file target_1.pdb (PDB, C-alpha atoms, pLDDT in the B column)
ATOM      1  CA  MET A   1     -22.841 -17.055 -19.412  1.00 75.00           C
ATOM      2  CA  SER A   2     -22.458 -13.297 -19.521  1.00 87.00           C
ATOM      3  CA  ILE A   3     -20.403 -11.232 -17.113  1.00 90.00           C
ATOM      4  CA  ASN A   4     -22.124  -8.204 -15.640  1.00 92.00           C
ATOM      5  CA  TYR A   5     -20.147  -5.180 -14.557  1.00 93.00           C
ATOM      6  CA  VAL A   6     -21.085  -2.576 -11.980  1.00 94.00           C
ATOM      7  CA  LYS A   7     -19.551   0.747 -10.999  1.00 93.00           C
ATOM      8  CA  TYR A   8     -16.821   0.466  -8.377  1.00 92.00           C
ATOM      9  CA  GLU A   9     -17.988   2.160  -5.187  1.00 92.00           C
ATOM     10  CA  SER A  10     -14.957   3.062  -3.101  1.00 93.00           C
ATOM     11  CA  PHE A  11     -14.919   2.825   0.680  1.00 95.00           C
ATOM     12  CA  PHE A  12     -12.671   5.838   1.107  1.00 94.00           C
ATOM     13  CA  LYS A  13     -14.204   8.969  -0.345  1.00 91.00           C
ATOM     14  CA  ILE A  14     -12.610  12.367  -0.741  1.00 88.00           C
ATOM     15  CA  ASP A  15     -14.537  15.459  -1.769  1.00 83.00           C
ATOM     16  CA  ASN A  16     -15.539  15.150  -5.420  1.00 83.00           C
ATOM     17  CA  VAL A  17     -13.126  12.368  -6.396  1.00 87.00           C
ATOM     18  CA  GLU A  18     -14.893   9.369  -7.898  1.00 88.00           C
ATOM     19  CA  SER A  19     -13.726   6.098  -9.344  1.00 89.00           C
ATOM     20  CA  GLU A  20     -14.278   5.533 -13.031  1.00 89.00           C
ATOM     21  CA  ASN A  21     -13.627   1.801 -12.731  1.00 89.00           C
ATOM     22  CA  VAL A  22     -16.003  -1.127 -12.820  1.00 91.00           C
ATOM     23  CA  ILE A  23     -15.888  -4.542 -11.187  1.00 91.00           C
ATOM     24  CA  THR A  24     -17.697  -7.755 -11.933  1.00 91.00           C
ATOM     25  CA  GLU A  25     -21.055  -7.968 -10.220  1.00 90.00           C
ATOM     26  CA  ASN A  26     -20.105 -11.170  -8.402  1.00 88.00           C
ATOM     27  CA  MET A  27     -17.146  -9.371  -6.752  1.00 90.00           C
ATOM     28  CA  LYS A  28     -19.316  -6.571  -5.383  1.00 92.00           C
ATOM     29  CA  ASP A  29     -20.789  -8.609  -2.499  1.00 90.00           C
ATOM     30  CA  ALA A  30     -17.388  -9.841  -1.324  1.00 91.00           C
ATOM     31  CA  LEU A  31     -15.946  -6.339  -1.563  1.00 93.00           C
ATOM     32  CA  ASN A  32     -18.888  -4.858   0.336  1.00 93.00           C
ATOM     33  CA  GLN A  33     -18.425  -7.450   3.101  1.00 95.00           C
ATOM     34  CA  SER A  34     -14.746  -6.472   3.371  1.00 94.00           C
ATOM     35  CA  PHE A  35     -15.741  -2.807   3.558  1.00 95.00           C
ATOM     36  CA  LYS A  36     -18.344  -3.601   6.224  1.00 95.00           C
ATOM     37  CA  ASN A  37     -15.667  -5.343   8.326  1.00 96.00           C
ATOM     38  CA  LEU A  38     -13.275  -2.423   7.831  1.00 96.00           C
ATOM     39  CA  ASN A  39     -15.991   0.058   8.804  1.00 95.00           C
ATOM     40  CA  THR A  40     -16.723  -1.851  12.029  1.00 95.00           C
ATOM     41  CA  TYR A  41     -13.006  -1.905  12.837  1.00 96.00           C
ATOM     42  CA  ILE A  42     -12.576   1.836  12.229  1.00 96.00           C
ATOM     43  CA  GLU A  43     -15.678   2.565  14.311  1.00 95.00           C
ATOM     44  CA  LYS A  44     -14.217   0.601  17.233  1.00 94.00           C
ATOM     45  CA  GLN A  45     -10.826   2.302  16.886  1.00 93.00           C
ATOM     46  CA  THR A  46     -12.137   5.841  16.615  1.00 94.00           C
ATOM     47  CA  SER A  47     -15.303   5.574  18.750  1.00 93.00           C
ATOM     48  CA  LYS A  48     -17.009   7.681  16.084  1.00 91.00           C
ATOM     49  CA  PRO A  49     -20.078   6.753  14.011  1.00 89.00           C
ATOM     50  CA  PHE A  50     -19.772   6.190  10.290  1.00 89.00           C
ATOM     51  CA  SER A  51     -18.852   9.122   8.092  1.00 91.00           C
ATOM     52  CA  HIS A  52     -16.732   9.383   4.984  1.00 90.00           C
ATOM     53  CA  GLU A  53     -14.678  12.055   6.752  1.00 92.00           C
ATOM     54  CA  ARG A  54     -13.946   9.699   9.664  1.00 94.00           C
ATOM     55  CA  ASN A  55     -12.849   6.931   7.310  1.00 94.00           C
ATOM     56  CA  ILE A  56     -10.441   9.001   5.244  1.00 95.00           C
ATOM     57  CA  ASP A  57      -9.056  10.659   8.395  1.00 96.00           C
ATOM     58  CA  TRP A  58      -8.314   7.159   9.761  1.00 97.00           C
ATOM     59  CA  LEU A  59      -6.335   6.234   6.635  1.00 97.00           C
ATOM     60  CA  ILE A  60      -4.533   9.579   6.519  1.00 97.00           C
ATOM     61  CA  ASN A  61      -3.530   9.126  10.154  1.00 97.00           C
ATOM     62  CA  LYS A  62      -2.261   5.576   9.554  1.00 98.00           C
ATOM     63  CA  LEU A  63      -0.086   6.817   6.682  1.00 98.00           C
ATOM     64  CA  GLY A  64       1.099  10.000   8.395  1.00 97.00           C
ATOM     65  CA  SER A  65      -0.344  11.835   5.414  1.00 97.00           C
ATOM     66  CA  SER A  66      -2.751  14.631   4.498  1.00 96.00           C
ATOM     67  CA  LYS A  67      -5.768  14.883   2.186  1.00 94.00           C
ATOM     68  CA  GLU A  68      -3.733  16.892  -0.271  1.00 94.00           C
ATOM     69  CA  GLU A  69      -0.976  14.299  -0.351  1.00 96.00           C
ATOM     70  CA  ILE A  70      -3.074  11.141  -0.376  1.00 96.00           C
ATOM     71  CA  VAL A  71      -5.086  12.125  -3.476  1.00 94.00           C
ATOM     72  CA  LYS A  72      -1.796  12.772  -5.301  1.00 94.00           C
ATOM     73  CA  ILE A  73      -0.191   9.453  -4.414  1.00 96.00           C
ATOM     74  CA  LEU A  74      -3.088   6.945  -4.408  1.00 96.00           C
ATOM     75  CA  SER A  75      -6.244   6.348  -6.417  1.00 94.00           C
ATOM     76  CA  LEU A  76      -9.459   5.553  -4.534  1.00 94.00           C
ATOM     77  CA  GLU A  77      -9.085   1.857  -5.347  1.00 94.00           C
ATOM     78  CA  GLN A  78      -5.514   1.910  -4.032  1.00 96.00           C
ATOM     79  CA  MET A  79      -6.680   3.661  -0.850  1.00 96.00           C
ATOM     80  CA  ASP A  80      -9.234   0.886  -0.368  1.00 96.00           C
ATOM     81  CA  SER A  81      -6.557  -1.788  -0.791  1.00 96.00           C
ATOM     82  CA  VAL A  82      -4.162  -0.020   1.579  1.00 97.00           C
ATOM     83  CA  GLY A  83      -6.906   0.424   4.173  1.00 97.00           C
ATOM     84  CA  LEU A  84      -7.894  -3.242   3.957  1.00 97.00           C
ATOM     85  CA  ALA A  85      -4.228  -4.286   4.188  1.00 97.00           C
ATOM     86  CA  ILE A  86      -3.716  -2.159   7.318  1.00 97.00           C
ATOM     87  CA  PHE A  87      -6.865  -3.681   8.824  1.00 97.00           C
ATOM     88  CA  LYS A  88      -5.513  -7.171   8.135  1.00 96.00           C
ATOM     89  CA  ILE A  89      -2.035  -6.352   9.486  1.00 96.00           C
ATOM     90  CA  GLU A  90      -3.478  -4.918  12.684  1.00 96.00           C
ATOM     91  CA  ASN A  91      -5.555  -8.065  13.124  1.00 96.00           C
ATOM     92  CA  ASP A  92      -2.616 -10.453  12.559  1.00 95.00           C
ATOM     93  CA  SER A  93      -4.014 -11.654   9.274  1.00 95.00           C
ATOM     94  CA  THR A  94      -2.744 -11.797   5.711  1.00 91.00           C
ATOM     95  CA  PHE A  95      -3.534  -9.759   2.638  1.00 90.00           C
ATOM     96  CA  ILE A  96      -2.854 -10.532  -1.012  1.00 90.00           C
ATOM     97  CA  VAL A  97      -2.817  -7.916  -3.752  1.00 88.00           C
ATOM     98  CA  GLY A  98      -3.777  -9.788  -6.903  1.00 82.00           C
ATOM     99  CA  ASP A  99      -4.602  -6.954  -9.267  1.00 80.00           C
ATOM    100  CA  GLU A 100      -3.740  -7.029 -12.949  1.00 76.00           C
ATOM    101  CA  THR A 101      -0.569  -5.578 -14.445  1.00 78.00           C
ATOM    102  CA  GLY A 102      -0.519  -1.799 -14.428  1.00 78.00           C
ATOM    103  CA  SER A 103      -3.202  -1.344 -11.766  1.00 80.00           C
ATOM    104  CA  GLY A 104      -0.840   0.107  -9.183  1.00 88.00           C
ATOM    105  CA  LYS A 105       0.203  -2.817  -6.997  1.00 91.00           C
ATOM    106  CA  GLY A 106       3.568  -1.132  -6.429  1.00 92.00           C
ATOM    107  CA  ARG A 107       1.901   1.982  -5.053  1.00 96.00           C
ATOM    108  CA  ILE A 108      -0.278  -0.147  -2.798  1.00 96.00           C
ATOM    109  CA  LEU A 109       2.775  -2.026  -1.522  1.00 95.00           C
ATOM    110  CA  SER A 110       4.735   1.202  -1.063  1.00 96.00           C
ATOM    111  CA  ALA A 111       1.933   2.763   0.960  1.00 97.00           C
ATOM    112  CA  VAL A 112       1.704  -0.394   3.091  1.00 97.00           C
ATOM    113  CA  MET A 113       5.489  -0.195   3.527  1.00 95.00           C
ATOM    114  CA  ARG A 114       5.053   3.397   4.673  1.00 97.00           C
ATOM    115  CA  TYR A 115       2.496   2.322   7.268  1.00 97.00           C
ATOM    116  CA  THR A 116       4.725  -0.488   8.554  1.00 95.00           C
ATOM    117  CA  LEU A 117       7.815   1.739   8.693  1.00 94.00           C
ATOM    118  CA  LEU A 118       5.822   4.275  10.726  1.00 97.00           C
ATOM    119  CA  GLN A 119       5.013   1.400  13.119  1.00 96.00           C
ATOM    120  CA  ASP A 120       8.773   0.674  13.429  1.00 93.00           C
ATOM    121  CA  TYR A 121       8.503  -2.639  11.582  1.00 90.00           C
ATOM    122  CA  ASN A 122      11.169  -3.817   9.181  1.00 84.00           C
ATOM    123  CA  VAL A 123      10.136  -4.251   5.574  1.00 86.00           C
ATOM    124  CA  VAL A 124      11.343  -7.149   3.468  1.00 82.00           C
ATOM    125  CA  PHE A 125      10.604  -7.099  -0.257  1.00 82.00           C
ATOM    126  CA  PHE A 126      11.171 -10.341  -2.176  1.00 80.00           C
ATOM    127  CA  SER A 127      11.313 -10.659  -5.926  1.00 79.00           C
ATOM    128  CA  GLU A 128      12.704 -13.182  -8.349  1.00 79.00           C
ATOM    129  CA  SER A 129      12.969 -10.469 -10.996  1.00 81.00           C
ATOM    130  CA  SER A 130      15.872  -8.077 -10.391  1.00 79.00           C
ATOM    131  CA  ASN A 131      14.205  -5.163 -12.241  1.00 81.00           C
ATOM    132  CA  LEU A 132      11.315  -5.079  -9.739  1.00 85.00           C
ATOM    133  CA  PHE A 133      13.596  -3.661  -7.046  1.00 83.00           C
ATOM    134  CA  SER A 134      13.939  -0.442  -9.049  1.00 86.00           C
ATOM    135  CA  ASP A 135      10.225  -0.508  -9.844  1.00 91.00           C
ATOM    136  CA  ILE A 136       9.258  -0.721  -6.167  1.00 89.00           C
ATOM    137  CA  TYR A 137      11.754   2.012  -5.327  1.00 89.00           C
ATOM    138  CA  ARG A 138      10.092   4.241  -7.948  1.00 93.00           C
ATOM    139  CA  ASP A 139       6.783   3.636  -6.171  1.00 94.00           C
ATOM    140  CA  ILE A 140       8.421   4.301  -2.802  1.00 93.00           C
ATOM    141  CA  ILE A 141       9.483   7.711  -4.166  1.00 93.00           C
ATOM    142  CA  ASN A 142       6.065   8.362  -5.753  1.00 95.00           C
ATOM    143  CA  THR A 143       4.242   7.655  -2.480  1.00 96.00           C
ATOM    144  CA  ASN A 144       6.628   9.870  -0.475  1.00 96.00           C
ATOM    145  CA  THR A 145       7.746   6.799   1.467  1.00 95.00           C
ATOM    146  CA  GLU A 146      11.452   7.296   0.756  1.00 92.00           C
ATOM    147  CA  GLN A 147      11.798   9.574   3.796  1.00 93.00           C
ATOM    148  CA  TYR A 148      10.991   6.597   6.064  1.00 94.00           C
ATOM    149  CA  VAL A 149      13.372   4.118   4.411  1.00 89.00           C
ATOM    150  CA  LYS A 150      16.595   3.946   6.434  1.00 84.00           C
ATOM    151  CA  ASN A 151      18.557   1.186   4.694  1.00 77.00           C
ATOM    152  CA  VAL A 152      18.215  -0.773   1.497  1.00 74.00           C
ATOM    153  CA  PHE A 153      19.907  -4.168   1.446  1.00 70.00           C
ATOM    154  CA  LEU A 154      19.728  -6.271  -1.694  1.00 69.00           C
ATOM    155  CA  LEU A 155      20.085  -9.952  -1.052  1.00 68.00           C
ATOM    156  CA  HIS A 156      19.782 -10.869  -4.715  1.00 70.00           C
ATOM    157  CA  ALA A 157      22.685 -12.002  -6.865  1.00 69.00           C
ATOM    158  CA  THR A 158      22.309  -9.487  -9.711  1.00 75.00           C
ATOM    159  CA  ALA A 159      19.958  -6.751  -8.525  1.00 79.00           C
ATOM    160  CA  LYS A 160      20.494  -3.050  -8.140  1.00 81.00           C
ATOM    161  CA  VAL A 161      18.101  -0.243  -7.312  1.00 83.00           C
ATOM    162  CA  ILE A 162      18.093   2.647  -9.743  1.00 83.00           C
ATOM    163  CA  ASN A 163      16.349   5.926  -9.029  1.00 84.00           C
ATOM    164  CA  PHE A 164      14.483   6.424 -12.317  1.00 83.00           C
ATOM    165  CA  ASN A 165      14.252  10.182 -11.700  1.00 85.00           C
ATOM    166  CA  THR A 166      18.018  10.732 -11.430  1.00 89.00           C
ATOM    167  CA  GLY A 167      19.583   7.582 -12.860  1.00 87.00           C
ATOM    168  CA  ASP A 168      21.547   7.154  -9.614  1.00 87.00           C
ATOM    169  CA  ILE A 169      22.205   3.675  -8.277  1.00 85.00           C
ATOM    170  CA  ILE A 170      20.674   3.606  -4.787  1.00 80.00           C
ATOM    171  CA  ALA A 171      21.825   0.116  -3.829  1.00 78.00           C
ATOM    172  CA  LYS A 172      23.605  -2.904  -5.294  1.00 77.00           C
ATOM    173  CA  SER A 173      23.505  -6.555  -4.394  1.00 76.00           C
ATOM    174  CA  LEU A 174      25.606  -7.419  -1.389  1.00 73.00           C
ATOM    175  CA  THR A 175      28.362  -9.942  -1.883  1.00 73.00           C
ATOM    176  CA  GLY A 176      30.736 -11.985   0.226  1.00 68.00           C
ATOM    177  CA  ASP A 177      31.418 -10.669   3.723  1.00 73.00           C
ATOM    178  CA  ASN A 178      28.918  -7.776   3.378  1.00 73.00           C
ATOM    179  CA  PHE A 179      26.157 -10.271   2.616  1.00 68.00           C
ATOM    180  CA  LYS A 180      27.098 -12.470   5.574  1.00 75.00           C
ATOM    181  CA  ASN A 181      27.283  -9.458   7.906  1.00 77.00           C
ATOM    182  CA  VAL A 182      23.799  -8.225   6.971  1.00 72.00           C
ATOM    183  CA  ILE A 183      22.361 -11.695   7.447  1.00 71.00           C
ATOM    184  CA  LYS A 184      24.099 -12.001  10.814  1.00 77.00           C
ATOM    185  CA  THR A 185      23.459  -8.510  12.225  1.00 77.00           C
ATOM    186  CA  GLY A 186      20.579  -7.077  10.212  1.00 68.00           C
ATOM    187  CA  SER A 187      22.569  -3.945   9.393  1.00 68.00           C
TER     188      SER A 187
END
call {"tool": "encode", "arguments": {"input": "target_1.pdb", "output": "structure tokens"}}
result
Amino acid sequence: MSINYVKYESFFKIDNVESENVITENMKDALNQSFKNLNTYIEKQTSKPFSHERNIDWLINKLGSSKEEIVKILSLEQMDSVGLAIFKIENDSTFIVGDETGSGKGRILSAVMRYTLLQDYNVVFFSESSNLFSDIYRDIINTNTEQYVKNVFLLHATAKVINFNTGDIIAKSLTGDNFKNVIKTGS
């Protein structure tokens, strides 16, 4: 059985930016159905008929961003994932990012964190691997989300967050009474 690949057609389109990626042909129908659902949702929210401009403006608004910024911080595929995640969040549903290593899951998660922080939600990031806390913080910086992060609490025995740009330690694991206080009060 052979696997057929087709060009990835992004939902969010900006000027002359195009995806160079491909997906398996059997994924295209499922992806198109997700995009159709997202389009219907955006149409209801904005009361505007379909246009690529309307779609990208919706995402930019949700992220408190601009066209200039969004093309610097997210690829088209990442924009699609973020848009679908926001759609799911706003409809009390779940969303799983299951992309392969190196595809930008951290940027997707950081952009979703940005959206949720702008909605005054708290963000909780779990990881078994202590080095992923610094990795996600790098993506938080690279998506300009850092400005919305008020506190970083590490409830992990050995973790610390290192700013890869400066080498500074942003946060260390809480221990003893500090740990108990954060669990009790949330701050």
call {"tool": "residues_around", "arguments": {"input": "target_1.pdb", "residues": "Ile140 (chain A)", "least_positions_apart": "3", "cutoff": "9 Å", "atoms": "all atoms listed in the file", "output": "PDB file with C-alpha atoms, in the coordinates of the input"}}
result
ATOM      1  CA  GLY A 106       3.568  -1.132  -6.429  1.00 92.00           C
ATOM      2  CA  ARG A 107       1.901   1.982  -5.053  1.00 96.00           C
ATOM      3  CA  LEU A 109       2.775  -2.026  -1.522  1.00 95.00           C
ATOM      4  CA  SER A 110       4.735   1.202  -1.063  1.00 96.00           C
ATOM      5  CA  ALA A 111       1.933   2.763   0.960  1.00 97.00           C
ATOM      6  CA  MET A 113       5.489  -0.195   3.527  1.00 95.00           C
ATOM      7  CA  ARG A 114       5.053   3.397   4.673  1.00 97.00           C
ATOM      8  CA  ASP A 135      10.225  -0.508  -9.844  1.00 91.00           C
ATOM      9  CA  ILE A 136       9.258  -0.721  -6.167  1.00 89.00           C
ATOM     10  CA  TYR A 137      11.754   2.012  -5.327  1.00 89.00           C
ATOM     11  CA  THR A 143       4.242   7.655  -2.480  1.00 96.00           C
ATOM     12  CA  ASN A 144       6.628   9.870  -0.475  1.00 96.00           C
ATOM     13  CA  THR A 145       7.746   6.799   1.467  1.00 95.00           C
ATOM     14  CA  GLU A 146      11.452   7.296   0.756  1.00 92.00           C
ATOM     15  CA  VAL A 149      13.372   4.118   4.411  1.00 89.00           C
TER      16      VAL A 149
END
call {"tool": "axis_aligned_box", "arguments": {"input": "target_1.pdb", "around": "region 167-173 of chain A", "padding_each_side": "6 Å", "output": "AutoDock Vina command-line options"}}
result
--center_x 21.6 --center_y 0.5 --center_z -8.3 --size_x 16.0 --size_y 26.1 --size_z 21.0
call {"tool": "residues_around", "arguments": {"input": "target_1.pdb", "residues": "region 25-38 of chain A", "least_positions_apart": "3", "cutoff": "9 Å", "atoms": "all atoms listed in the file", "output": "MDAnalysis selection string"}}
result
chainID A and resid 3:11 22 41:43 80 83:84 87
call {"tool": "resolve_selection", "arguments": {"input": "target_1.pdb", "expression": "the PyMOL selection byres ((chain A and resi 62) around 12)", "output": "ChimeraX atom specification"}}
result
/A:42,45,55-61,63-66,70,79,82-87,89-90,111-119
call {"tool": "resolve_selection", "arguments": {"input": "target_1.pdb", "expression": "the PyMOL selection byres ((chain A and resi 124) around 10)", "output": "PyMOL selection string"}}
result
chain A and resi 113+121-123+125-126+152-154
call {"tool": "write_last_selection", "arguments": {"input": "target_1.pdb", "atoms": "C-alpha atoms", "output": "PDB file, in the coordinates of the input"}}
result
ATOM      1  CA  MET A 113       5.489  -0.195   3.527  1.00 95.00           C
ATOM      2  CA  TYR A 121       8.503  -2.639  11.582  1.00 90.00           C
ATOM      3  CA  ASN A 122      11.169  -3.817   9.181  1.00 84.00           C
ATOM      4  CA  VAL A 123      10.136  -4.251   5.574  1.00 86.00           C
ATOM      5  CA  PHE A 125      10.604  -7.099  -0.257  1.00 82.00           C
ATOM      6  CA  PHE A 126      11.171 -10.341  -2.176  1.00 80.00           C
ATOM      7  CA  VAL A 152      18.215  -0.773   1.497  1.00 74.00           C
ATOM      8  CA  PHE A 153      19.907  -4.168   1.446  1.00 70.00           C
ATOM      9  CA  LEU A 154      19.728  -6.271  -1.694  1.00 69.00           C
TER      10      LEU A 154
END
call {"tool": "atom_distance", "arguments": {"input": "target_1.pdb", "atom1": "CA of Ser2 (chain A)", "atom2": "CA of Ile23 (chain A)"}}
result
13.8 Å
call {"tool": "residues_near_point", "arguments": {"input": "target_1.pdb", "point": "(18.4, 4.1, -5.7)", "cutoff": "12 Å", "atoms": "only C-alpha atoms", "output": "number ranges by chain"}}
result
A: 133-141, 146, 149, 151-154, 159-173
call {"tool": "write_last_selection", "arguments": {"input": "target_1.pdb", "atoms": "C-alpha atoms", "output": "PDB file, keeping the file's coordinate frame"}}
result
ATOM      1  CA  PHE A 133      13.596  -3.661  -7.046  1.00 83.00           C
ATOM      2  CA  SER A 134      13.939  -0.442  -9.049  1.00 86.00           C
ATOM      3  CA  ASP A 135      10.225  -0.508  -9.844  1.00 91.00           C
ATOM      4  CA  ILE A 136       9.258  -0.721  -6.167  1.00 89.00           C
ATOM      5  CA  TYR A 137      11.754   2.012  -5.327  1.00 89.00           C
ATOM      6  CA  ARG A 138      10.092   4.241  -7.948  1.00 93.00           C
ATOM      7  CA  ASP A 139       6.783   3.636  -6.171  1.00 94.00           C
ATOM      8  CA  ILE A 140       8.421   4.301  -2.802  1.00 93.00           C
ATOM      9  CA  ILE A 141       9.483   7.711  -4.166  1.00 93.00           C
ATOM     10  CA  GLU A 146      11.452   7.296   0.756  1.00 92.00           C
ATOM     11  CA  VAL A 149      13.372   4.118   4.411  1.00 89.00           C
ATOM     12  CA  ASN A 151      18.557   1.186   4.694  1.00 77.00           C
ATOM     13  CA  VAL A 152      18.215  -0.773   1.497  1.00 74.00           C
ATOM     14  CA  PHE A 153      19.907  -4.168   1.446  1.00 70.00           C
ATOM     15  CA  LEU A 154      19.728  -6.271  -1.694  1.00 69.00           C
ATOM     16  CA  ALA A 159      19.958  -6.751  -8.525  1.00 79.00           C
ATOM     17  CA  LYS A 160      20.494  -3.050  -8.140  1.00 81.00           C
ATOM     18  CA  VAL A 161      18.101  -0.243  -7.312  1.00 83.00           C
ATOM     19  CA  ILE A 162      18.093   2.647  -9.743  1.00 83.00           C
ATOM     20  CA  ASN A 163      16.349   5.926  -9.029  1.00 84.00           C
ATOM     21  CA  PHE A 164      14.483   6.424 -12.317  1.00 83.00           C
ATOM     22  CA  ASN A 165      14.252  10.182 -11.700  1.00 85.00           C
ATOM     23  CA  THR A 166      18.018  10.732 -11.430  1.00 89.00           C
ATOM     24  CA  GLY A 167      19.583   7.582 -12.860  1.00 87.00           C
ATOM     25  CA  ASP A 168      21.547   7.154  -9.614  1.00 87.00           C
ATOM     26  CA  ILE A 169      22.205   3.675  -8.277  1.00 85.00           C
ATOM     27  CA  ILE A 170      20.674   3.606  -4.787  1.00 80.00           C
ATOM     28  CA  ALA A 171      21.825   0.116  -3.829  1.00 78.00           C
ATOM     29  CA  LYS A 172      23.605  -2.904  -5.294  1.00 77.00           C
ATOM     30  CA  SER A 173      23.505  -6.555  -4.394  1.00 76.00           C
TER      31      SER A 173
END
call {"tool": "resolve_selection", "arguments": {"input": "target_1.pdb", "expression": "the PyMOL selection byres ((chain A and resi 13-17) around 6)", "output": "list in words"}}
result
Phe12, Glu18 and His52 of chain A
call {"tool": "atom_distance", "arguments": {"input": "target_1.pdb", "atom1": "CA of Lys105 (chain A)", "atom2": "CA of Leu76 (chain A)"}}
result
13.0 Å
call {"tool": "atom_distance", "arguments": {"input": "target_1.pdb", "atom1": "CA of Glu69 (chain A)", "atom2": "CA of Lys48 (chain A)"}}
result
23.9 Å
